[in-house]
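Structure first, commentary second.
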Amino acid sequence: MGERDSSGSLDLIRLFKYYNLPLTDFGNLEVELGDKLIRIWNTNDVPEVIDWFTTEKFLYDLSRKVPFFSGFENYREFTKYRLHYIGISEKNDSFNRLVVKPHDKRLRILSNEFPQNFGSRITDEIVLFFFDIKSLEIKQYQYPTDFNEIGKNELENRLRIFKDAERAFVRILDTDYNEVKFKNYPNYMNSLFNSTVERYSFSINEDIEFVTDKTTIYGDRDLYGLTGAYADFIFVNKDDGSVELVKMKNQG
């Protein structure tokens with residue numbers, strides 16, 4: 001990518017073991033190499049794809065620390081993206097909203113932005129990120145006054161959390177193509193700010209970093225699939241109604 005490169009290796013024997021395939025099938029291995037796609041086939045009896053790699057799938061697997069890759073220590077240099085737009089889909093799924101239908105912001109980005117690399121096209125460089133929400137709630141009960149609170153969960157309404165996350169990220173990252181900036185966040189009636197949750201924050205549980213004109217947010221995923229210690233997080237302070245991006249990567 002420009003002047004950046006990375007090198008490493010793929011251990012096919014470890015790949016077979018990872019997918020619980022017998023090594024007796026190793027002789028039936030076939031590798032399909034293309035400019036934008038690599039596919040590894042097992043041609044025994046009925047041919048089937050064991051695994052496949054595009055650029056983004058390759059980086060995704062590296063972030064999952066799959067055992068059949070070695071090297072590529074600097075892969076995080078390739079997971080830094082210019083972020084243009086943040087949105088949620090309340091009625092239809094995100095794929096239909098962004099891809100199947102002519103989404104206004106996607107079309108504007110394709111029309112207005114310039115490629116990052118000489119000779120490339122915006123359609124070659126644009127990446128759509130589809131995120132899910134995973135919530136973690138920690139509770140503390142006082143004896144005996146809080147017994148009536150046991151079993152209550154403020155995080156069961158996923159759409160409420162999605163909306164809150166959208167507002168928080170747009171407010172902090174100030175993406176170019178979001179017309180509504182949610183400047184009053186977190187002061188919305190249906191926000192987590194108006195719930196019994198005392199403290200809450202948002203972070204990205206992926207090895208990616210998003211960049212805007214205003215700031216950057218660094219995501220991190222650990223070996224166990226949890227949010228890593230270096231992940232920046234958007235912290236909402238319910239004491240004074242403030243919201244801020246806490247940078248962790250260079251702390252200490």
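Just remember, in the structure tokens the first chain shown is A, the second B, etc., residues are 1-based per chain, and ligands are 1-based in the order shown.
The shell of residues at most 12 Å from Asp35 in chain A, with only C-alpha atoms counted and near chain neighbours (fewer than 3 positions) removed, consists of A:Glu32, A:Ile38, A:Arg39, A:Phe53, A:Thr54, A:Thr55.
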Give me a file of those residues, with N, CA and C atoms, as a tab-separated table (two decimals), in the first residue's frame.
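That gives us selection06.tsv:
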```tsv
chain	number	residue	atom	x	y	z
A	32	GLU	N	-5.93	-21.45	-5.26
A	32	GLU	CA	-6.34	-20.57	-6.36
A	32	GLU	C	-5.83	-19.16	-6.05
A	38	ILE	N	-7.64	-15.04	-2.87
A	38	ILE	CA	-6.97	-16.33	-2.75
A	38	ILE	C	-7.98	-17.30	-2.15
A	39	ARG	N	-8.09	-18.49	-2.78
A	39	ARG	CA	-8.96	-19.52	-2.24
A	39	ARG	C	-8.18	-20.83	-2.13
A	53	PHE	N	-9.30	-15.58	1.14
A	53	PHE	CA	-8.74	-14.33	1.64
A	53	PHE	C	-8.86	-13.24	0.58
A	54	THR	N	-9.51	-12.17	0.96
A	54	THR	CA	-9.38	-10.89	0.26
A	54	THR	C	-8.53	-10.01	1.18
A	55	THR	N	-8.25	-8.80	0.76
A	55	THR	CA	-7.42	-7.93	1.60
A	55	THR	C	-8.04	-7.74	2.99
```
(message) Would you pick out the contacts of Val180 in chain A at 10 Å or less, using only C-alpha atoms, so that residues sharing its chain but fewer than 2 positions from it are not included, and give the list as a ChimeraX atom specification?
(response) /A:167,170-171,174-175,177-178,182-183
Let me see the file: selected residues, all heavy atoms, as a PDB file, in the first residue's frame.
```pdb
ATOM      1  N   ARG A 167     -25.066   8.384  18.294  1.00  0.00           N
ATOM      2  CA  ARG A 167     -24.953   9.778  18.726  1.00  0.00           C
ATOM      3  C   ARG A 167     -23.587  10.064  19.324  1.00  0.00           C
ATOM      4  O   ARG A 167     -22.977  11.105  19.053  1.00  0.00           O
ATOM      5  CB  ARG A 167     -26.052  10.076  19.744  1.00  0.00           C
ATOM      6  CG  ARG A 167     -27.462  10.052  19.175  1.00  0.00           C
ATOM      7  CD  ARG A 167     -28.480   9.984  20.285  1.00  0.00           C
ATOM      8  NE  ARG A 167     -29.841   9.971  19.795  1.00  0.00           N
ATOM      9  CZ  ARG A 167     -30.886   9.601  20.523  1.00  0.00           C
ATOM     10  NH1 ARG A 167     -30.718   9.232  21.784  1.00  0.00           N
ATOM     11  NH2 ARG A 167     -32.108   9.613  20.005  1.00  0.00           N
ATOM     12  N   VAL A 170     -20.826  10.046  16.509  1.00  0.00           N
ATOM     13  CA  VAL A 170     -20.952  11.220  15.633  1.00  0.00           C
ATOM     14  C   VAL A 170     -20.541  12.478  16.375  1.00  0.00           C
ATOM     15  O   VAL A 170     -19.828  13.339  15.837  1.00  0.00           O
ATOM     16  CB  VAL A 170     -22.395  11.345  15.095  1.00  0.00           C
ATOM     17  CG1 VAL A 170     -22.575  12.678  14.364  1.00  0.00           C
ATOM     18  CG2 VAL A 170     -22.720  10.188  14.163  1.00  0.00           C
ATOM     19  N   ARG A 171     -20.975  12.606  17.620  1.00  0.00           N
ATOM     20  CA  ARG A 171     -20.636  13.785  18.427  1.00  0.00           C
ATOM     21  C   ARG A 171     -19.119  13.921  18.581  1.00  0.00           C
ATOM     22  O   ARG A 171     -18.561  15.020  18.443  1.00  0.00           O
ATOM     23  CB  ARG A 171     -21.323  13.669  19.797  1.00  0.00           C
ATOM     24  CG  ARG A 171     -20.741  14.539  20.902  1.00  0.00           C
ATOM     25  CD  ARG A 171     -21.167  15.982  20.811  1.00  0.00           C
ATOM     26  NE  ARG A 171     -20.474  16.804  21.785  1.00  0.00           N
ATOM     27  CZ  ARG A 171     -20.859  16.976  23.053  1.00  0.00           C
ATOM     28  NH1 ARG A 171     -21.962  16.374  23.506  1.00  0.00           N
ATOM     29  NH2 ARG A 171     -20.170  17.738  23.866  1.00  0.00           N
ATOM     30  N   ASP A 174     -17.250  13.647  14.672  1.00  0.00           N
ATOM     31  CA  ASP A 174     -17.640  14.761  13.797  1.00  0.00           C
ATOM     32  C   ASP A 174     -17.378  14.425  12.325  1.00  0.00           C
ATOM     33  O   ASP A 174     -16.698  15.162  11.599  1.00  0.00           O
ATOM     34  CB  ASP A 174     -16.872  16.020  14.201  1.00  0.00           C
ATOM     35  CG  ASP A 174     -17.459  17.281  13.573  1.00  0.00           C
ATOM     36  OD1 ASP A 174     -18.600  17.226  13.093  1.00  0.00           O
ATOM     37  OD2 ASP A 174     -16.754  18.314  13.548  1.00  0.00           O
ATOM     38  N   THR A 175     -17.919  13.315  11.857  1.00  0.00           N
ATOM     39  CA  THR A 175     -17.708  12.847  10.483  1.00  0.00           C
ATOM     40  C   THR A 175     -18.325  13.811   9.471  1.00  0.00           C
ATOM     41  O   THR A 175     -19.373  14.405   9.706  1.00  0.00           O
ATOM     42  CB  THR A 175     -18.320  11.457  10.311  1.00  0.00           C
ATOM     43  OG1 THR A 175     -19.525  11.357  11.086  1.00  0.00           O
ATOM     44  CG2 THR A 175     -17.371  10.380  10.803  1.00  0.00           C
ATOM     45  N   TYR A 177     -19.892  13.616   6.545  1.00  0.00           N
ATOM     46  CA  TYR A 177     -21.164  13.437   5.841  1.00  0.00           C
ATOM     47  C   TYR A 177     -22.349  13.204   6.766  1.00  0.00           C
ATOM     48  O   TYR A 177     -23.446  12.914   6.296  1.00  0.00           O
ATOM     49  CB  TYR A 177     -21.044  12.288   4.838  1.00  0.00           C
ATOM     50  CG  TYR A 177     -20.183  12.663   3.645  1.00  0.00           C
ATOM     51  CD1 TYR A 177     -18.796  12.548   3.696  1.00  0.00           C
ATOM     52  CD2 TYR A 177     -20.743  13.168   2.472  1.00  0.00           C
ATOM     53  CE1 TYR A 177     -18.000  12.907   2.621  1.00  0.00           C
ATOM     54  CE2 TYR A 177     -19.957  13.524   1.389  1.00  0.00           C
ATOM     55  CZ  TYR A 177     -18.589  13.389   1.475  1.00  0.00           C
ATOM     56  OH  TYR A 177     -17.800  13.748   0.404  1.00  0.00           O
ATOM     57  N   ASN A 178     -22.146  13.339   8.067  1.00  0.00           N
ATOM     58  CA  ASN A 178     -23.267  13.332   9.000  1.00  0.00           C
ATOM     59  C   ASN A 178     -23.756  14.767   9.169  1.00  0.00           C
ATOM     60  O   ASN A 178     -23.054  15.606   9.751  1.00  0.00           O
ATOM     61  CB  ASN A 178     -22.853  12.759  10.355  1.00  0.00           C
ATOM     62  CG  ASN A 178     -22.759  11.254  10.352  1.00  0.00           C
ATOM     63  OD1 ASN A 178     -21.699  10.688  10.106  1.00  0.00           O
ATOM     64  ND2 ASN A 178     -23.877  10.592  10.620  1.00  0.00           N
ATOM     65  N   PHE A 182     -25.548  15.858  16.604  1.00  0.00           N
ATOM     66  CA  PHE A 182     -25.916  15.457  17.968  1.00  0.00           C
ATOM     67  C   PHE A 182     -25.128  16.253  19.011  1.00  0.00           C
ATOM     68  O   PHE A 182     -24.550  15.686  19.948  1.00  0.00           O
ATOM     69  CB  PHE A 182     -25.701  13.958  18.165  1.00  0.00           C
ATOM     70  CG  PHE A 182     -26.507  13.100  17.227  1.00  0.00           C
ATOM     71  CD1 PHE A 182     -25.872  12.359  16.235  1.00  0.00           C
ATOM     72  CD2 PHE A 182     -27.885  13.041  17.318  1.00  0.00           C
ATOM     73  CE1 PHE A 182     -26.608  11.577  15.361  1.00  0.00           C
ATOM     74  CE2 PHE A 182     -28.634  12.252  16.456  1.00  0.00           C
ATOM     75  CZ  PHE A 182     -27.990  11.519  15.462  1.00  0.00           C
ATOM     76  N   LYS A 183     -25.101  17.555  18.830  1.00  0.00           N
ATOM     77  CA  LYS A 183     -24.353  18.416  19.741  1.00  0.00           C
ATOM     78  C   LYS A 183     -24.890  18.373  21.174  1.00  0.00           C
ATOM     79  O   LYS A 183     -24.165  18.687  22.126  1.00  0.00           O
ATOM     80  CB  LYS A 183     -24.380  19.865  19.224  1.00  0.00           C
ATOM     81  CG  LYS A 183     -23.668  20.066  17.891  1.00  0.00           C
ATOM     82  CD  LYS A 183     -22.183  19.766  18.009  1.00  0.00           C
ATOM     83  CE  LYS A 183     -21.462  20.086  16.714  1.00  0.00           C
ATOM     84  NZ  LYS A 183     -19.993  19.776  16.812  1.00  0.00           N
TER      85      LYS A 183
END
```
(request) Measuring atom to atom with only C-alpha atoms, identify which of A:Ile122, A:Val243, A:Ile13, A:Val100 is nearest to Phe68 in chain A. (result) A:Ile13
(request) Please identify all polymer residues within 12 Å of Leu107 in chain A, counting only C-alpha atoms, omitting same-chain residues fewer than 6 positions from it, and present them as a ChimeraX atom specification. (result) /A:84-85,98-99,101,113,122-123,126,177
Hey, what's within 9 Å of Ser6 in chain A if we count only C-alpha atoms and toss same-chain stuff fewer than 2 positions away? As a PDB file with C-alpha atoms, in the first residue's frame, please?
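Output (out_8.pdb):
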```
ATOM      1  CA  ARG A   4       4.152   0.335   3.118  1.00  0.00           C
ATOM      2  CA  GLY A   8       4.845 -13.319   6.553  1.00  0.00           C
ATOM      3  CA  GLY A  71       4.921 -12.632  10.530  1.00  0.00           C
ATOM      4  CA  PHE A  72       2.850  -9.614   9.418  1.00  0.00           C
ATOM      5  CA  GLU A  73       3.654  -7.899  12.745  1.00  0.00           C
ATOM      6  CA  ASN A  74       2.901  -4.455  11.301  1.00  0.00           C
ATOM      7  CA  TYR A  75      -0.565  -5.328   9.974  1.00  0.00           C
TER       8      TYR A  75
END
```
(request) Identify, with DSSP run on backbone atoms, the residues in range 40-244 of chain A assigned to strand (DSSP E or B), and express the list as a VMD selection string. (result) chain A and resid 40 to 42 48 to 53 69 to 71 80 to 82 200 to 203 209 to 211 216 to 218 221 227 233 to 237 242 to 244
(request) Using only C-alpha atoms, pick whichever of A:Pro22, A:Phe69, A:Gln116, A:Asp132 has the shortest atom-to-atom distance to Ser94 in chain A. (result)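 Nearest to Ser94 in chain A: A:Asp132.
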